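Heads up, the thing below is written out as C-alpha cells.
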Amino acid sequence: MRLFGKIFLPIFISLLIVSLIIGYTTYQKTDQLVESGITREIALRKESHSDLAKEKLSKIVQSSAISAKLHKEQAAVISSLDFVKRAYSAAGQGNINNENDEQVTQARNYLKDNFQQIEDSFIRLTGSPDMRAHFHLSNSRSFARVWRNGWQVKRNNQKLDISDDLSSFREMVVEINKSGKPLAGLELGIGGFVIRGIVPITDLEGEAAGSIEIYSSYGKLVQGIELASDMSISLIMPAEKLKIAKRLNDQAKYPVIDNSWVQVCSSENDILPQVYRSDQFASAYRQPDYQFETENHSVYTKQVVDFSGKPIGMLVLTEDLRNWNAQIAATRKAGDDQSNAALITTILLLAAAILTLGTIGYFLARRISNATQSAVDMLDQMEAGNLDVRLESAGKDEIAELNRSLNKFADNLRDEVLAAFEKLAAGDLTFEAHGVIREPLQRANQSLSEVMARIQQNGVQIASSSSEVADSSQSLAQGATEQASSLEEISASLDEMSSQTSLNADNANQARTLAAQASQSAASGNQQMENMVSAMAEINTAGENISKIIKVIDEIAFQTNLLALNAAVEAARAGQHGKGFAVVAEEVRNLAARSAKAAQETADLIEGSVEKTANGTAIAHQTAESLQEIVDGISKVSDLVAEISAASNEQAQGISQINQGISQLDNVTQQNTATAETSASVAEELSAQAAQMRQMLQRFTLKQGGAMPMISPAAAPVPPQEPSAESHGWAQLSAPRQDPNSVKIALDDSDFGKY
C-alpha cells in the first residue's frame with residue numbers, strides 16, 4: 001500500500017471507528033441511565049416495601065408477646081384469689097385421676113360460681129372480651145373451663161362435665177407441672193394458634209395443686225393488623241400439625257395447599273395459591289425471616305414459634321406488584337424511545353463530521369505522499385552512487401525544510417565523507433576532515449592513533465612479563481612440593497594427637513557414668529532414710545494417740561470407782577436387801593482400781609517409747625543430712641567429670657577439623673604446582689603472539705608522523721610489582737617496575753587461575 005493510503009485510510013477508519021464508538025457509547029449511556037433509574041426506583045421500592053412488610057410482621061410478633069405477658073399477669077392475679085385456692089384444696093380431697101370424681105366436680109362448680117362474679121369486671125378492666133380462663137390440675141387434667149356452662153368437653157357429640165386429660169397435646173400444661181414456673185407464648189391447640197399465659201396455683205396449704213391459663217386467639221390478632229391496599233396477610237401451618245389442631249381439619253374453612261400447608265386464616269382467601277412455591281415455602285419455614293418474589297407478587301414470611309422456640313407455623317405477607325410492574329414497563333418504554341432518538345441525532349452529527357474531516361485528510365495525505373515520494377527517489381539515486389540529485393526546496397513549511405536538509409546531507413556525503421574514508425582504508429591516520437563529520441572523525445582518528453601506540457607498548461610488556469611468569473611458575477612449583485611434604489608430616493602428628501584425645505574422652509565418659517551411678521545410689525539411700533524418719537514420726541504420733549486413749553481409760557476407771565462407791569453407799573442404806581448389791585459394787589471398785597493401775601503402767605511404757613522414738617528420729621535426721629552431703633559431693637564430681645568429657649570431645653573434634661584443613665591445604669598445594677607449570681607454557685606462547693602483533697601494526701601511519709617504530713623488549717623495562725597481602729602465594733615473587741604514565745598489564749592469581 002502506498003503512503004497516501006497509509007495516511008488517509010487510518011485517518012478515515014479512525015474517524016469512522018470513533019464515530020461508531022461515540023454513537024454506541026451515547027446509546028449505551030442513555031440506555032444505562034434509563035435502566036439505572038428504573039433499577040434505583042425498583043430498589044427503593046423493594047427497600048421501602050420490605051421495611052414496611054417487616055414492620056407489619058414484627059408488629060404482630062410484638063403484639064403477640066405483649067398479649068402473652070398480659071395473660072400471664074392476669075393469670076397470676078387470679079391464681080392468688082382465695083376462692084381459687086379453696087377450690088383446689090377441695091379438689092385435692094377427691095381422686096383427681098378419676099375424671100368423674102364427685103368431689104372434683106363439686107370443687108369445679110364452686111370455682112365457676114365464684115369466678116362468674118368477677119369475670120365481667122375483670123374483662124372490663126383488661127379490655128379483652130374474647131379472653132378465656134382455663135384451670136388445670138397437677139396431673140395435667142382439665143379442672144375447669146369457666147366459660148362453659150354445665151359441661152367441659154364433647155365426646156361423640158355429647159357434652160360431658162368431666163376432667164379430661166390434656167397431657168397428650170398441651171405441652172405448656174405438662175411443662176408447668178414439671179417446672180412450677182410461669183410460662184407465656186404461643187401454643188398450638190385443638191382449635192389452632194392460641195396466645196397463652198399460664199402460672200402455677202397452690203392450695204391453702206401452699207402445696208402445688210395445678211395451674212391457670214388466660215388465652216386469646218392468635219388468628220384474630222393477625223387478621224386485625226392494618227395493611228396497605230395492595231397487601232394481604234395469611235397464617236399457615238404444616239399439614240402434619242392437624243393431628244393436634246383437629247378442629248382445623250375442614251378444608252372448606254381451612255384450605256390445604258399442596259397437601260403440605262393449612263391456611264388457618266387470611267385477609268384474602270385466594271392469594272396463597274397464586275404465590276405458593278413449594279421450595280420457597282419449605283426454606284421460609286426453616287428461617288426466622290424470608291423473602292422471595294413471583295411474577296406479580298412480593299412475598300415476606302415470618303416464622304411462628306411456640307413458647308419453647310419450636311416452629312409451629314408461618315406468617316405470609318404478600319404484596320401485589322401488577323400495578324407497579326405496569327408503571328415500570330411504561331417508564332422503560334419511554335426511556336427506550338429517548339435512547340433511540342438520541343442515537344439517530346448522534347449518527348447524523350457524526351456523519352457530517354466524518355465527511356468534513358475526511359475531505360481535509362484526503363488533501364493533506366496527498367500533499368505528504370508526493371513530497372515523500374520525491375525524497376525516496378533521491379535516496380534511491382544516492383544508493384545507486386549518484387550523489388548529484390537534488391530536491392525542490394522552495395517554501396517555508398516542514399516539507400521544504402526536509403528537502404533542504406537532504407540536499408545538504410548529499411553535498412557533505414560527496415565532498416567530505418567519501419574522501420576521509422578512502423584515506424582511512426589506506427591506513428593513513430594523519431588526514432583531517434571538514435564539514436559535519438570534522439569533529440567526530442578527528443576524535444576517531446586521535447583515538448585510533450593512541451590505541452595503536454598503546455597496543456604496541458602492551459605487546460612488548462606482555463612478552464617481557466610472560467618470560468618472568470614462566471620463571472616464577474617454576475619456583476612456585478618447587479616451593480609447593482616442599483610445602484606438601486611438610487603438610488603430610490603435620491597431618492601424621494595430628495592423627496596421633498586425635499587418637500590420644502579420643503581415648504581421654506572415653507575414659508572421662510566412663511568416669512562420669514560411675515559417678516552418676518554412685519550419685520543415684522546415694523540418693524536412693526537418702527530417700528530410704530527419709531522414709532524411715534517419716535515412719536518413726538508416724539510411730540511417735542501413734543504413741544501419743546495411745547497415751548491419750550490410756551488417759552481416757554484412766555478417767556473411765558476413776559468414774560467407775562466413784563460410781564461403785566456410790567452404789568456401796570446406797571446398798572448400805574438398803575440394809576439387808578442391799579448386801580448382794582454391795583458385794584457387786586465392791587468387785588466393780590476392785591476392777592476399776594486394777595484398770596487404773598494398768599492404764600498408768602501402760603501410759604508410762606508409752607511415754608518411754610515416745611521418748612526413744614524421738615531420739616531415733618533425731619539420729620535418723622542426722623544420718624539423712626550426712627547422706628545428702630554425700631549426694632551433693634558426688635553430684636559435683638559427676639559435673640566435673642562431665643565437663644572434662646565434653647572438653648575432650650571438643651578437642652577431638654577440633655583436631656579432626658584441623659586434620660581435614662591440612663588435607664585440603666595439601667590438595668591446594670598440588671593444584672598450585674600443576675597450575676604454575678601450565679602458566680609457564682602459556683607465557684611462552686603469549687610472547688610469540690605478541691611478536692606477530694607488532695609486525696601487523698607496522699602498516700599503520702600515525703598522526704605523529706612516520707610509520708610505527710619497532711620497540712624491542714629492552715626499550716620498555718617493566719618495574720617490579722609491590723607484593724600484596726592478597727597475592728595468595730605470589731607475595732615472594734617480584735615483577736619489574738614500569739613508568740606510572742605507561743600502560744600496565746597486571747598479572748595476578750585471578751589471571752593464572754583461568755589456565
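Naming works like this for the C-alpha cells: A, B, ... for the chains as they're shown, residue 1 at the start of each chain, ligands 1 onward in shown order.
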
(request) Excluding Gln478 of chain A and any residue of its chain fewer than 6 positions from it, enumerate the residues within 12 Å of it, using only C-alpha atoms, and give them as JSON, numbers by chain. (result) {"A": [471, 472, 484, 485, 669, 670, 672, 673, 674, 676, 677]}

Filtering to C-alpha atoms, could you give me those residues as a PDB file, in the first residue's frame?
```
ATOM      1  CA  ASP A 471      60.430 -18.391  35.766  1.00  0.00           C
ATOM      2  CA  SER A 472      58.201 -17.577  38.720  1.00  0.00           C
ATOM      3  CA  ALA A 484      53.153 -30.638  50.550  1.00  0.00           C
ATOM      4  CA  SER A 485      55.836 -32.792  52.269  1.00  0.00           C
ATOM      5  CA  THR A 669      49.351 -27.040  47.039  1.00  0.00           C
ATOM      6  CA  GLN A 670      49.422 -29.829  44.465  1.00  0.00           C
ATOM      7  CA  ASN A 672      49.146 -24.796  42.547  1.00  0.00           C
ATOM      8  CA  THR A 673      52.151 -26.801  41.339  1.00  0.00           C
ATOM      9  CA  ALA A 674      50.289 -28.015  38.251  1.00  0.00           C
ATOM     10  CA  ALA A 676      52.396 -22.946  37.782  1.00  0.00           C
ATOM     11  CA  GLU A 677      53.771 -25.368  35.187  1.00  0.00           C
TER      12      GLU A 677
END
```

Just the residues within 10 Å of Ala400 of chain A, please, counting only C-alpha atoms, with nothing from its chain fewer than 6 positions along; format it as an MDAnalysis selection string. chainID A and resid 371 391:394 406

For the selection just defined, write its residues with C-alpha atoms to a file, as a short mmCIF file (atom, residue, chain, number, x, y, z; two decimals), in the first residue's frame.
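New file out_14.cif:
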```cif
data_model
loop_
_atom_site.label_atom_id
_atom_site.label_comp_id
_atom_site.auth_asym_id
_atom_site.auth_seq_id
_atom_site.Cartn_x
_atom_site.Cartn_y
_atom_site.Cartn_z
CA ALA A 371 6.79 15.09 -1.02
CA LEU A 391 15.19 18.15 -4.36
CA GLU A 392 12.96 21.24 -4.82
CA SER A 393 13.47 23.31 -1.65
CA ALA A 394 11.30 26.36 -2.27
CA LEU A 406 18.53 16.21 2.43
#
```

Next on the checklist: Applying 12 Å and only C-alpha atoms, which residues near Thr501 of chain A remain after dropping the ones on its own chain fewer than 4 positions away? List them as a list in words.
Outcome noted: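 Residues meeting the cut-off are Leu494, Asp495, Glu496, Met497, Ala505, Asp506, Asn507, Ala508, Ile644, Ser645, Ala646, Ala647, Ser648, Asn649, Glu650, Gln651, Ala652, Gln653, Gly654, Ile655 and Ser656 of chain A.
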
Of A:Ala87, A:Ile190, A:Ala351, A:Ile462, the one nearest to Ser19 of chain A when counting only C-alpha atoms is A:Ala351

TODO: Extract, using only C-alpha atoms, all DNA, RNA and protein residues at most 9 Å from Asp336 of chain A, discarding same-chain residues fewer than 4 positions from it, and format them as JSON, numbers by chain.
DONE: {"A": [30, 31, 34, 331, 332, 340, 341]}

- Task: Have a look at A:Val153, A:Leu357, A:Leu166, A:Val256 and name the one nearest to Ile244 of chain A; count only C-alpha atoms.
- Result: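 Among A:Val153, A:Leu357, A:Leu166, A:Val256, it is A:Leu166 that comes nearest to Ile244 of chain A.
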
Name the residues in contact with Asp604 of chain A at a cut-off of 12 Å, using only C-alpha atoms, excluding same-chain residues fewer than 4 positions from it; report them as a PDB file with N, CA and C atoms, in the first residue's frame.
```
ATOM      1  N   GLY A 543       2.030 -43.286 119.225  1.00  0.00           N
ATOM      2  CA  GLY A 543       2.256 -43.428 120.678  1.00  0.00           C
ATOM      3  C   GLY A 543       1.549 -42.342 121.447  1.00  0.00           C
ATOM      4  N   GLU A 544       1.617 -41.108 120.914  1.00  0.00           N
ATOM      5  CA  GLU A 544       0.925 -40.012 121.601  1.00  0.00           C
ATOM      6  C   GLU A 544      -0.579 -40.234 121.619  1.00  0.00           C
ATOM      7  N   ILE A 546      -2.092 -43.184 121.572  1.00  0.00           N
ATOM      8  CA  ILE A 546      -2.370 -44.270 122.549  1.00  0.00           C
ATOM      9  C   ILE A 546      -2.321 -43.715 123.961  1.00  0.00           C
ATOM     10  N   SER A 547      -1.373 -42.799 124.200  1.00  0.00           N
ATOM     11  CA  SER A 547      -1.273 -42.187 125.537  1.00  0.00           C
ATOM     12  C   SER A 547      -2.555 -41.450 125.872  1.00  0.00           C
ATOM     13  N   LYS A 548      -3.102 -40.755 124.872  1.00  0.00           N
ATOM     14  CA  LYS A 548      -4.376 -40.056 125.117  1.00  0.00           C
ATOM     15  C   LYS A 548      -5.485 -41.043 125.438  1.00  0.00           C
ATOM     16  N   ILE A 550      -5.146 -44.026 126.807  1.00  0.00           N
ATOM     17  CA  ILE A 550      -4.909 -44.581 128.162  1.00  0.00           C
ATOM     18  C   ILE A 550      -5.427 -43.608 129.204  1.00  0.00           C
ATOM     19  N   LYS A 551      -5.192 -42.292 128.932  1.00  0.00           N
ATOM     20  CA  LYS A 551      -5.706 -41.292 129.883  1.00  0.00           C
ATOM     21  C   LYS A 551      -7.221 -41.345 129.958  1.00  0.00           C
ATOM     22  N   LYS A 597      -4.631 -48.863 137.578  1.00  0.00           N
ATOM     23  CA  LYS A 597      -3.221 -49.191 137.731  1.00  0.00           C
ATOM     24  C   LYS A 597      -2.616 -49.634 136.400  1.00  0.00           C
ATOM     25  N   ALA A 598      -3.368 -50.500 135.663  1.00  0.00           N
ATOM     26  CA  ALA A 598      -2.859 -50.974 134.361  1.00  0.00           C
ATOM     27  C   ALA A 598      -2.730 -49.808 133.366  1.00  0.00           C
ATOM     28  N   ALA A 599      -3.667 -48.907 133.403  1.00  0.00           N
ATOM     29  CA  ALA A 599      -3.608 -47.765 132.491  1.00  0.00           C
ATOM     30  C   ALA A 599      -2.404 -46.895 132.788  1.00  0.00           C
ATOM     31  N   GLN A 600      -2.091 -46.715 134.118  1.00  0.00           N
ATOM     32  CA  GLN A 600      -0.941 -45.910 134.493  1.00  0.00           C
ATOM     33  C   GLN A 600       0.349 -46.545 134.012  1.00  0.00           C
ATOM     34  N   GLY A 608       7.804 -43.733 127.579  1.00  0.00           N
ATOM     35  CA  GLY A 608       9.191 -44.145 127.325  1.00  0.00           C
ATOM     36  C   GLY A 608       9.420 -44.456 125.856  1.00  0.00           C
ATOM     37  N   SER A 609       8.427 -45.143 125.225  1.00  0.00           N
ATOM     38  CA  SER A 609       8.561 -45.478 123.805  1.00  0.00           C
ATOM     39  C   SER A 609       8.601 -44.212 122.945  1.00  0.00           C
ATOM     40  N   VAL A 610       7.783 -43.238 123.320  1.00  0.00           N
ATOM     41  CA  VAL A 610       7.764 -41.989 122.565  1.00  0.00           C
ATOM     42  C   VAL A 610       9.104 -41.273 122.660  1.00  0.00           C
ATOM     43  N   GLU A 611       9.695 -41.251 123.872  1.00  0.00           N
ATOM     44  CA  GLU A 611      11.000 -40.596 124.033  1.00  0.00           C
ATOM     45  C   GLU A 611      12.062 -41.290 123.200  1.00  0.00           C
TER      46      GLU A 611
END
```

Fewer than 2 positions away in the same chain doesn't count, so skip those; otherwise give me all residues within 6 Å of Gly210 of chain A, counting only C-alpha atoms, as number ranges by chain. A: 136-138, 200-201

May I have the selected residues written with C-alpha atoms, as a tab-separated table (two decimals), in the first residue's frame?
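Produced file result_29.tsv, reproduced below:
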```tsv
chain	number	residue	atom	x	y	z
A	136	HIS	CA	-55.74	-27.34	85.23
A	137	LEU	CA	-54.95	-29.98	87.85
A	138	SER	CA	-51.46	-31.04	88.86
A	200	PRO	CA	-48.92	-22.34	88.82
A	201	ILE	CA	-51.57	-22.46	91.58
```
